[in-house]
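Worksheet: one structure, shown below.
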Amino acid sequence: MLLEKNNVKKVIRSPFFYVGDKYKLMNQLGELFPNNIDTYIEPFVGGGSSYLNNSANRYKLNDKDYYVVKLHEEISKYKNNPDDLLKKLYEIINFYGLSCSHKGITAPEELKKKYIKTYYAKYNKESYLKLRDDFNGNQDNILYLYILLIYGFNHMIRFNNSGKFNLPVGNVDFNKNVYNALNSYLYFARDNHIEYKNLDYKDFLKDLNISDKDFVFFDPPYLISASEYNKQWDDEKEKELYDCLDLLDRNSVKWGITNLVFHKGNKNTIFSNWAQKYYVYNIKSNYISFNDNTIKENSKEVYVTNYDKKSLS
């Protein structure tokens, strides 16, 4: 295990590199999460960096996005045989002629000189589009989707109104970071008891028997952020979430939630007003735009809990 009493020694990164992932915040959040967790519960699991960096006896995880859960389940199948997964992924990469810098298969030097910042995108575009077409012809092949996620723009999971995966190619490929993240993820899956569900968060929580020894971490869609997975989130859903958290608090369930207070001139008044009832911790997040990867210095992200971390030490 890479963790001891929730103090992060080395942060594990999710192999999905998911937009909104908490990887860069885990050194801070790990100090604020409870110790000695029995069941770690996450209703909006996303890429999973949060649970990967918390020590618990068991993990119950959920996401409403069907493909997020399918990706976790598919990759986890190889927890006892990582080499088999890597072999299959390399076969897909080789078949479609994609670059693979981890194995020394990279773009030609003349392409790197001509397109200094986008040479991988130029080199992989045709192969990526062929793979994307083949996946859309048979969306049961989740390993195809995983490769698309790795090579796609900003590692996003995006489908159009017709249900077709439509993310364009990105300037990325299967590199050392992907290889290391996959191995860390599989080792964690092998050594821990993990369950996944694909439900609305309210239905997911309703089916659980949560005790005061458990911990629920919420990383919901951010109301004032323009990320792809936030499009279906609105004021009503925001208020419903806080009603749910209030109910958990009345039932003595420990929870924590991250959210943006303000972002690009917008303020989440619903969240700010509600959070005053609880413990609020500032997070130095340097919130990054999913559109252009620029740091948004006029953003403020916080972590709110219904417990005083000092009282749990």
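Each chain in the structure tokens gets a letter, A, B and so on, in the order shown; residues start at 1 in every chain, and ligands are counted from 1 in the order they appear.
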Subject >> Those in region 22-107 of chain A with strand (DSSP E or B) from DSSP, as a list in words >> reply: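 Taking region 22-107 of chain A and keeping strand (DSSP E or B) only, one gets Ile37, Asp38, Thr39, Tyr40, Ile41, Glu42, Ala56, Asn57, Arg58, Tyr59, Lys60, Leu61, Asn62, Cys100 and Ile105 of chain A.
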Output all heavy atoms for every residue in the selection just made, as a compact mmCIF listing (two decimals), in the first residue's frame.
```
# COMPACT_ATOMS: atom_id res chain seq x y z
N ILE A 37 -10.98 4.73 8.29
CA ILE A 37 -12.25 4.60 7.58
C ILE A 37 -12.59 3.12 7.39
O ILE A 37 -11.75 2.34 6.94
CB ILE A 37 -12.18 5.29 6.21
CG1 ILE A 37 -11.88 6.79 6.38
CG2 ILE A 37 -13.48 5.09 5.44
CD1 ILE A 37 -11.55 7.49 5.07
N ASP A 38 -13.82 2.75 7.72
CA ASP A 38 -14.26 1.38 7.45
C ASP A 38 -14.62 1.25 5.97
O ASP A 38 -13.93 0.59 5.21
CB ASP A 38 -15.45 1.01 8.33
CG ASP A 38 -15.84 -0.45 8.17
OD1 ASP A 38 -15.00 -1.25 7.72
OD2 ASP A 38 -16.99 -0.80 8.48
N THR A 39 -15.69 1.92 5.54
CA THR A 39 -16.07 1.91 4.13
C THR A 39 -15.95 3.31 3.55
O THR A 39 -16.55 4.26 4.06
CB THR A 39 -17.53 1.41 3.94
OG1 THR A 39 -17.66 0.11 4.51
CG2 THR A 39 -17.88 1.35 2.47
N TYR A 40 -15.15 3.43 2.51
CA TYR A 40 -15.00 4.68 1.78
C TYR A 40 -16.04 4.69 0.66
O TYR A 40 -16.08 3.77 -0.17
CB TYR A 40 -13.59 4.82 1.21
CG TYR A 40 -13.38 6.05 0.37
CD1 TYR A 40 -12.89 7.23 0.92
CD2 TYR A 40 -13.66 6.04 -1.00
CE1 TYR A 40 -12.69 8.36 0.15
CE2 TYR A 40 -13.48 7.17 -1.79
CZ TYR A 40 -12.99 8.32 -1.20
OH TYR A 40 -12.80 9.44 -1.98
N ILE A 41 -16.86 5.72 0.62
CA ILE A 41 -17.99 5.79 -0.31
C ILE A 41 -17.85 7.03 -1.18
O ILE A 41 -17.61 8.13 -0.67
CB ILE A 41 -19.32 5.82 0.47
CG1 ILE A 41 -19.46 4.57 1.33
CG2 ILE A 41 -20.50 5.97 -0.48
CD1 ILE A 41 -20.53 4.67 2.40
N GLU A 42 -17.99 6.84 -2.48
CA GLU A 42 -17.88 7.99 -3.39
C GLU A 42 -18.98 7.93 -4.45
O GLU A 42 -18.94 7.10 -5.35
CB GLU A 42 -16.49 8.03 -4.05
CG GLU A 42 -16.23 9.35 -4.73
CD GLU A 42 -14.77 9.59 -5.06
OE1 GLU A 42 -13.91 8.76 -4.68
OE2 GLU A 42 -14.48 10.61 -5.69
N ALA A 56 -8.87 2.45 3.42
CA ALA A 56 -10.12 2.01 4.03
C ALA A 56 -10.19 0.49 3.96
O ALA A 56 -9.41 -0.15 3.24
CB ALA A 56 -11.32 2.63 3.32
N ASN A 57 -11.12 -0.09 4.69
CA ASN A 57 -11.30 -1.55 4.65
C ASN A 57 -11.99 -2.01 3.38
O ASN A 57 -11.77 -3.12 2.91
CB ASN A 57 -12.09 -2.02 5.87
CG ASN A 57 -11.32 -1.81 7.16
OD1 ASN A 57 -10.09 -1.92 7.19
ND2 ASN A 57 -12.03 -1.51 8.24
N ARG A 58 -12.84 -1.13 2.83
CA ARG A 58 -13.53 -1.45 1.59
C ARG A 58 -13.96 -0.16 0.91
O ARG A 58 -14.02 0.90 1.56
CB ARG A 58 -14.74 -2.37 1.82
CG ARG A 58 -15.84 -1.76 2.65
CD ARG A 58 -16.88 -2.78 3.05
NE ARG A 58 -16.31 -3.80 3.91
CZ ARG A 58 -16.12 -3.64 5.23
NH1 ARG A 58 -16.43 -2.50 5.81
NH2 ARG A 58 -15.61 -4.60 5.95
N TYR A 59 -14.29 -0.28 -0.39
CA TYR A 59 -14.63 0.89 -1.19
C TYR A 59 -15.91 0.62 -1.96
O TYR A 59 -16.04 -0.41 -2.63
CB TYR A 59 -13.51 1.22 -2.17
CG TYR A 59 -12.18 1.50 -1.50
CD1 TYR A 59 -11.37 0.45 -1.05
CD2 TYR A 59 -11.75 2.80 -1.29
CE1 TYR A 59 -10.17 0.69 -0.41
CE2 TYR A 59 -10.54 3.06 -0.65
CZ TYR A 59 -9.75 2.00 -0.22
OH TYR A 59 -8.57 2.25 0.42
N LYS A 60 -16.86 1.55 -1.85
CA LYS A 60 -18.10 1.47 -2.62
C LYS A 60 -18.20 2.74 -3.46
O LYS A 60 -18.30 3.84 -2.92
CB LYS A 60 -19.30 1.32 -1.69
CG LYS A 60 -19.28 -0.02 -0.95
CD LYS A 60 -20.54 -0.27 -0.15
CE LYS A 60 -20.47 -1.65 0.52
NZ LYS A 60 -21.71 -1.96 1.29
N LEU A 61 -18.16 2.55 -4.77
CA LEU A 61 -17.98 3.66 -5.69
C LEU A 61 -19.08 3.69 -6.74
O LEU A 61 -19.58 2.64 -7.15
CB LEU A 61 -16.61 3.55 -6.37
CG LEU A 61 -15.44 3.26 -5.42
CD1 LEU A 61 -14.19 2.88 -6.20
CD2 LEU A 61 -15.17 4.46 -4.52
N ASN A 62 -19.42 4.88 -7.18
CA ASN A 62 -20.54 5.03 -8.10
C ASN A 62 -20.29 6.20 -9.06
O ASN A 62 -19.62 7.17 -8.72
CB ASN A 62 -21.82 5.31 -7.30
CG ASN A 62 -23.01 5.60 -8.19
OD1 ASN A 62 -23.57 4.69 -8.79
ND2 ASN A 62 -23.40 6.86 -8.30
N CYS A 100 3.56 5.34 -29.68
CA CYS A 100 3.61 4.81 -28.31
C CYS A 100 4.98 5.17 -27.75
O CYS A 100 5.92 4.38 -27.82
CB CYS A 100 3.40 3.30 -28.31
SG CYS A 100 3.36 2.56 -26.66
N ILE A 105 8.09 4.32 -29.89
CA ILE A 105 7.45 4.54 -31.18
C ILE A 105 6.88 5.96 -31.18
O ILE A 105 5.86 6.24 -30.55
CB ILE A 105 6.32 3.52 -31.44
CG1 ILE A 105 6.85 2.10 -31.34
CG2 ILE A 105 5.69 3.75 -32.81
CD1 ILE A 105 5.78 1.04 -31.32
```
Write out as a PDB file with all heavy atoms, in the first residue's frame which residues come within 10 Å of Tyr123 (chain A) when counting only C-alpha atoms, dropping same-chain ones fewer than 3 positions away.
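So result30.pdb came out as:
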```
ATOM      1  N   GLY A  97      -1.625   1.669 -35.770  1.00  0.00           N
ATOM      2  CA  GLY A  97      -0.464   2.476 -36.146  1.00  0.00           C
ATOM      3  C   GLY A  97      -0.330   3.761 -35.361  1.00  0.00           C
ATOM      4  O   GLY A  97       0.172   4.771 -35.872  1.00  0.00           O
ATOM      5  N   LEU A  98      -0.758   3.738 -34.103  1.00  0.00           N
ATOM      6  CA  LEU A  98      -0.615   4.907 -33.248  1.00  0.00           C
ATOM      7  C   LEU A  98       0.792   4.982 -32.671  1.00  0.00           C
ATOM      8  O   LEU A  98       1.481   3.961 -32.562  1.00  0.00           O
ATOM      9  CB  LEU A  98      -1.622   4.835 -32.102  1.00  0.00           C
ATOM     10  CG  LEU A  98      -3.104   4.937 -32.484  1.00  0.00           C
ATOM     11  CD1 LEU A  98      -3.978   4.361 -31.378  1.00  0.00           C
ATOM     12  CD2 LEU A  98      -3.486   6.385 -32.774  1.00  0.00           C
ATOM     13  N   SER A  99       1.215   6.162 -32.302  1.00  0.00           N
ATOM     14  CA  SER A  99       2.506   6.290 -31.641  1.00  0.00           C
ATOM     15  C   SER A  99       2.411   5.694 -30.234  1.00  0.00           C
ATOM     16  O   SER A  99       1.334   5.574 -29.667  1.00  0.00           O
ATOM     17  CB  SER A  99       2.928   7.761 -31.551  1.00  0.00           C
ATOM     18  OG  SER A  99       2.059   8.476 -30.699  1.00  0.00           O
ATOM     19  N   THR A 106       7.565   6.856 -31.845  1.00  0.00           N
ATOM     20  CA  THR A 106       7.205   8.266 -31.764  1.00  0.00           C
ATOM     21  C   THR A 106       7.068   8.874 -33.150  1.00  0.00           C
ATOM     22  O   THR A 106       7.250   8.183 -34.168  1.00  0.00           O
ATOM     23  CB  THR A 106       8.254   9.035 -30.936  1.00  0.00           C
ATOM     24  OG1 THR A 106       7.821  10.373 -30.743  1.00  0.00           O
ATOM     25  CG2 THR A 106       9.623   9.007 -31.614  1.00  0.00           C
ATOM     26  N   ALA A 107       6.730  10.140 -33.211  1.00  0.00           N
ATOM     27  CA  ALA A 107       6.559  10.831 -34.491  1.00  0.00           C
ATOM     28  C   ALA A 107       7.922  11.103 -35.114  1.00  0.00           C
ATOM     29  O   ALA A 107       8.927  11.269 -34.406  1.00  0.00           O
ATOM     30  CB  ALA A 107       5.808  12.137 -34.272  1.00  0.00           C
ATOM     31  N   PRO A 108       7.993  11.156 -36.451  1.00  0.00           N
ATOM     32  CA  PRO A 108       9.261  11.462 -37.131  1.00  0.00           C
ATOM     33  C   PRO A 108       9.785  12.845 -36.741  1.00  0.00           C
ATOM     34  O   PRO A 108       9.012  13.738 -36.419  1.00  0.00           O
ATOM     35  CB  PRO A 108       8.880  11.414 -38.620  1.00  0.00           C
ATOM     36  CG  PRO A 108       7.612  10.633 -38.686  1.00  0.00           C
ATOM     37  CD  PRO A 108       6.896  10.904 -37.396  1.00  0.00           C
ATOM     38  N   LEU A 111       8.354  15.878 -38.502  1.00  0.00           N
ATOM     39  CA  LEU A 111       7.021  16.268 -38.028  1.00  0.00           C
ATOM     40  C   LEU A 111       7.140  17.053 -36.725  1.00  0.00           C
ATOM     41  O   LEU A 111       6.414  18.021 -36.500  1.00  0.00           O
ATOM     42  CB  LEU A 111       6.151  15.027 -37.838  1.00  0.00           C
ATOM     43  CG  LEU A 111       4.638  15.220 -37.898  1.00  0.00           C
ATOM     44  CD1 LEU A 111       4.228  15.689 -39.285  1.00  0.00           C
ATOM     45  CD2 LEU A 111       3.917  13.935 -37.545  1.00  0.00           C
ATOM     46  N   LYS A 112       8.058  16.637 -35.856  1.00  0.00           N
ATOM     47  CA  LYS A 112       8.273  17.337 -34.588  1.00  0.00           C
ATOM     48  C   LYS A 112       8.771  18.759 -34.814  1.00  0.00           C
ATOM     49  O   LYS A 112       8.416  19.686 -34.086  1.00  0.00           O
ATOM     50  CB  LYS A 112       9.280  16.573 -33.730  1.00  0.00           C
ATOM     51  CG  LYS A 112       8.771  15.235 -33.215  1.00  0.00           C
ATOM     52  CD  LYS A 112       9.820  14.555 -32.343  1.00  0.00           C
ATOM     53  CE  LYS A 112       9.308  13.239 -31.792  1.00  0.00           C
ATOM     54  NZ  LYS A 112      10.311  12.562 -30.944  1.00  0.00           N
ATOM     55  N   TYR A 115       5.656  20.760 -36.533  1.00  0.00           N
ATOM     56  CA  TYR A 115       4.533  20.987 -35.620  1.00  0.00           C
ATOM     57  C   TYR A 115       5.033  20.799 -34.181  1.00  0.00           C
ATOM     58  O   TYR A 115       4.819  19.759 -33.566  1.00  0.00           O
ATOM     59  CB  TYR A 115       3.389  20.023 -35.908  1.00  0.00           C
ATOM     60  CG  TYR A 115       2.871  20.084 -37.323  1.00  0.00           C
ATOM     61  CD1 TYR A 115       3.250  19.133 -38.259  1.00  0.00           C
ATOM     62  CD2 TYR A 115       2.015  21.108 -37.719  1.00  0.00           C
ATOM     63  CE1 TYR A 115       2.777  19.188 -39.560  1.00  0.00           C
ATOM     64  CE2 TYR A 115       1.538  21.175 -39.020  1.00  0.00           C
ATOM     65  CZ  TYR A 115       1.925  20.212 -39.936  1.00  0.00           C
ATOM     66  OH  TYR A 115       1.463  20.274 -41.230  1.00  0.00           O
ATOM     67  N   THR A 118       2.176  20.211 -31.580  1.00  0.00           N
ATOM     68  CA  THR A 118       1.034  19.346 -31.930  1.00  0.00           C
ATOM     69  C   THR A 118       1.440  18.138 -32.785  1.00  0.00           C
ATOM     70  O   THR A 118       0.599  17.559 -33.461  1.00  0.00           O
ATOM     71  CB  THR A 118      -0.035  20.157 -32.685  1.00  0.00           C
ATOM     72  OG1 THR A 118       0.535  20.700 -33.882  1.00  0.00           O
ATOM     73  CG2 THR A 118      -0.588  21.274 -31.821  1.00  0.00           C
ATOM     74  N   TYR A 119       2.701  17.744 -32.732  1.00  0.00           N
ATOM     75  CA  TYR A 119       3.135  16.683 -33.654  1.00  0.00           C
ATOM     76  C   TYR A 119       2.478  15.333 -33.382  1.00  0.00           C
ATOM     77  O   TYR A 119       2.225  14.564 -34.321  1.00  0.00           O
ATOM     78  CB  TYR A 119       4.657  16.550 -33.665  1.00  0.00           C
ATOM     79  CG  TYR A 119       5.324  16.316 -32.341  1.00  0.00           C
ATOM     80  CD1 TYR A 119       5.429  15.038 -31.811  1.00  0.00           C
ATOM     81  CD2 TYR A 119       5.881  17.376 -31.625  1.00  0.00           C
ATOM     82  CE1 TYR A 119       6.059  14.814 -30.594  1.00  0.00           C
ATOM     83  CE2 TYR A 119       6.506  17.168 -30.412  1.00  0.00           C
ATOM     84  CZ  TYR A 119       6.597  15.893 -29.906  1.00  0.00           C
ATOM     85  OH  TYR A 119       7.233  15.669 -28.698  1.00  0.00           O
ATOM     86  N   TYR A 120       2.165  15.028 -32.124  1.00  0.00           N
ATOM     87  CA  TYR A 120       1.479  13.759 -31.859  1.00  0.00           C
ATOM     88  C   TYR A 120       0.079  13.763 -32.461  1.00  0.00           C
ATOM     89  O   TYR A 120      -0.390  12.761 -33.002  1.00  0.00           O
ATOM     90  CB  TYR A 120       1.397  13.484 -30.360  1.00  0.00           C
ATOM     91  CG  TYR A 120       2.622  12.814 -29.799  1.00  0.00           C
ATOM     92  CD1 TYR A 120       3.248  13.321 -28.655  1.00  0.00           C
ATOM     93  CD2 TYR A 120       3.159  11.674 -30.389  1.00  0.00           C
ATOM     94  CE1 TYR A 120       4.382  12.711 -28.133  1.00  0.00           C
ATOM     95  CE2 TYR A 120       4.286  11.060 -29.878  1.00  0.00           C
ATOM     96  CZ  TYR A 120       4.896  11.576 -28.753  1.00  0.00           C
ATOM     97  OH  TYR A 120       6.017  10.977 -28.238  1.00  0.00           O
ATOM     98  N   GLU A 126      -5.151  10.282 -38.261  1.00  0.00           N
ATOM     99  CA  GLU A 126      -5.815   9.323 -39.158  1.00  0.00           C
ATOM    100  C   GLU A 126      -6.075   7.997 -38.453  1.00  0.00           C
ATOM    101  O   GLU A 126      -7.170   7.423 -38.555  1.00  0.00           O
ATOM    102  CB  GLU A 126      -4.965   9.103 -40.412  1.00  0.00           C
ATOM    103  CG  GLU A 126      -5.636   8.217 -41.450  1.00  0.00           C
ATOM    104  CD  GLU A 126      -4.810   8.085 -42.726  1.00  0.00           C
ATOM    105  OE1 GLU A 126      -3.903   8.915 -42.940  1.00  0.00           O
ATOM    106  OE2 GLU A 126      -5.072   7.147 -43.503  1.00  0.00           O
ATOM    107  N   SER A 127      -5.082   7.516 -37.729  1.00  0.00           N
ATOM    108  CA  SER A 127      -5.233   6.245 -37.006  1.00  0.00           C
ATOM    109  C   SER A 127      -6.288   6.359 -35.911  1.00  0.00           C
ATOM    110  O   SER A 127      -7.084   5.451 -35.688  1.00  0.00           O
ATOM    111  CB  SER A 127      -3.896   5.843 -36.393  1.00  0.00           C
ATOM    112  OG  SER A 127      -2.925   5.636 -37.393  1.00  0.00           O
ATOM    113  N   TYR A 128      -6.294   7.487 -35.219  1.00  0.00           N
ATOM    114  CA  TYR A 128      -7.254   7.728 -34.142  1.00  0.00           C
ATOM    115  C   TYR A 128      -8.676   7.727 -34.681  1.00  0.00           C
ATOM    116  O   TYR A 128      -9.577   7.116 -34.090  1.00  0.00           O
ATOM    117  CB  TYR A 128      -6.922   9.062 -33.476  1.00  0.00           C
ATOM    118  CG  TYR A 128      -7.883   9.475 -32.387  1.00  0.00           C
ATOM    119  CD1 TYR A 128      -7.691   9.078 -31.069  1.00  0.00           C
ATOM    120  CD2 TYR A 128      -8.978  10.290 -32.674  1.00  0.00           C
ATOM    121  CE1 TYR A 128      -8.566   9.467 -30.061  1.00  0.00           C
ATOM    122  CE2 TYR A 128      -9.862  10.687 -31.676  1.00  0.00           C
ATOM    123  CZ  TYR A 128      -9.645  10.270 -30.368  1.00  0.00           C
ATOM    124  OH  TYR A 128     -10.524  10.658 -29.387  1.00  0.00           O
ATOM    125  N   VAL A 169      -8.746  13.964 -31.767  1.00  0.00           N
ATOM    126  CA  VAL A 169      -7.446  13.500 -31.306  1.00  0.00           C
ATOM    127  C   VAL A 169      -6.749  14.602 -30.511  1.00  0.00           C
ATOM    128  O   VAL A 169      -6.953  15.793 -30.750  1.00  0.00           O
ATOM    129  CB  VAL A 169      -6.572  13.065 -32.503  1.00  0.00           C
ATOM    130  CG1 VAL A 169      -6.172  14.255 -33.366  1.00  0.00           C
ATOM    131  CG2 VAL A 169      -5.333  12.291 -32.028  1.00  0.00           C
ATOM    132  N   ASN A 171      -2.900  15.892 -28.463  1.00  0.00           N
ATOM    133  CA  ASN A 171      -1.447  15.848 -28.652  1.00  0.00           C
ATOM    134  C   ASN A 171      -0.797  15.027 -27.541  1.00  0.00           C
ATOM    135  O   ASN A 171       0.058  15.496 -26.790  1.00  0.00           O
ATOM    136  CB  ASN A 171      -0.866  17.266 -28.657  1.00  0.00           C
ATOM    137  CG  ASN A 171       0.567  17.280 -29.130  1.00  0.00           C
ATOM    138  OD1 ASN A 171       0.902  16.676 -30.137  1.00  0.00           O
ATOM    139  ND2 ASN A 171       1.427  17.947 -28.391  1.00  0.00           N
TER     140      ASN A 171
END
```
| task | as a ChimeraX atom specification, list the residues of region 138-290 of chain A assigned to helix (DSSP H, G or I) by DSSP on the backbone atoms of this structure. | result | /A:142-151,153-155,176-191,201-206,228-230,235-250,269-275
Dump as a Markdown table the rows for residues of region 156-268 of chain A within 12 Å of region 87-93 of chain A: closest atom pair and distance in Å with one decimal, only C-alpha atoms counted, ordered by chain and rising residue number.
```
| residue | atom | partner | partner_atom | distance |
| --- | --- | --- | --- | --- |
| A:Asp173 | CA | A:Ile93 | CA | 9.7 |
| A:Phe174 | CA | A:Ile93 | CA | 8.7 |
| A:Asn175 | CA | A:Tyr90 | CA | 11.6 |
| A:Val178 | CA | A:Leu89 | CA | 11.4 |
| A:Tyr179 | CA | A:Leu89 | CA | 10.7 |
| A:Leu182 | CA | A:Leu89 | CA | 11.2 |
```
